[in-house]
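**Student:** Sharing a structure with you now.
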Amino acid sequence: MTMPQLGESVTEGTISRWLVGPGDTVQKYEPIAEVLTDKVSAEIPSSYTGTIEQLLVDENETVAVGVDICTIVEEASSEAEESNKEIKTEQNPNPPAKEQTKAEPSQKSRYSPAVVRLAQEHGLDLTTISGSGRGGRITRKDVEAYIASNHTSEPQQPPAQAKQQEPVRSTPSQAIAAHDQEIPVTGVRKAIAENMVKSKMEVPHAWTMVEVDVTNLVKLRDKKKAAFKEQEGISLTYFPFFMKACVEALKEFPEINAQWNGTTIVRKKDINLSLAVATEDALYVPVIHQADELTIKGLAKKADELAKKARTGKLTGADMQGGTFTLNNTGSFGSILSQPIINSPQAAILSVESIVKRPVVRETEEGDVIAIRHMVNLCLSLDHRVLDGLVCGRFLASMKRRLEQMNEDSTSIY
């Protein structure tokens, strides 16, 4: 079996936990491993009914889509055993010993990213290491055992070309005290780290902000929240109002709803709103598809559903795919100003900060007056390859206008 592709832009995955071991019998479609990508954590099913022969990838090892992760001896039916031998041999994933011997040299030269990384860090010649994997394939444990046996040279810098392909790493601190705690970077945190570094290294970020007077919106929500909770069973937060203003502004300025594609800019037709949802130890970005077709109530219900799934570990690959623009509710934990990292390949991400009361100068017929108003900052990070300040300024101005016009008389939640 190979590493499956769990999303439209997913190129690799990490085996976070094996659910089976060598010798276990599995049914077709039975989950055999938990896989983590930068998009989603999911179980992958067996493609065959049979017996697990060998696990080719260690837990917490990252491999590219299409790389072999395990071998399964497929269960042969009696009818199949009586069929043509040539056809049976072609379909059998566990060929006879003679044929396997022929395949061994090619298996030995196939290295996982973890094996290559260890070899580069320690200056090893992989051709000198014996592999314990199928067909003589070298596993990470083989390399670690070789290193532990003191057969290594001093760690050396990898070649320039390989260094460019490796993810950027922070230099380990030399000031680690005996009572300090070192926490291994694995699972979701590892995927977040790699995705964020990739975005910051590849995307030229720019940043802009507007402040919005949402006093009338606060009054509207205060008036409606009790009845909404009683009727719908969920709380009416401020966020669905910002989501509604956002998708309407994206329809007005479709340039923002775009992606960088190397030699072209792809302007997306669907408005699929990605929502940043934080848990105690991770950040997920599930998607509301065709968000522009939903009412404020519909947006509230969908956001609540996705947030609950994220916090209970029930998000699926479909929940995480297809986002075209990301909205981040940093105001939920008290932030008033932020510079979010773009959810690449999207062209922009918007943070909605805390709504705070503060004195504001307002123009009246009698002249300027100071009034206490509910104010909020909207912070937009943009990919400067795709977008420029002019269109982003107009987009934020559209959101500002829509939010400031929301009130008890003109805004419908349903």
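Lettering and numbering for the structure tokens are positional, with chains as A, B, ... in the shown order, residues counted from 1 in each chain, and ligands counted from 1 in the shown order.
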Quick one: residues within 6 Å of range 323-329 of chain A, only C-alpha atoms counted, chain neighbours fewer than 3 positions away excluded, as a list of chain:residue names?
**Tutor:**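 Once the adjacent positions are removed, what remains is A:Asn257, A:Asn272, A:Leu273, A:Ser274, A:Leu275, A:Ala276, A:Val287, A:Ser332, A:Gln346, A:Ile349, A:Leu350, A:Ser351, A:Val352.
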**Student:** State, in Å with one decimal place, the distance from CA of Gly13 in chain A to CA of Met320 in chain A.
**Tutor:** 14.8 Å
**Student:** Taking only C-alpha atoms into account, name the residue in A:Glu53, A:Glu34, A:Glu211, A:Asp142 that is nearest to Ser354 in chain A.
**Tutor:**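 Looking at the shortest contact to Ser354 in chain A, the residue is A:Glu211.
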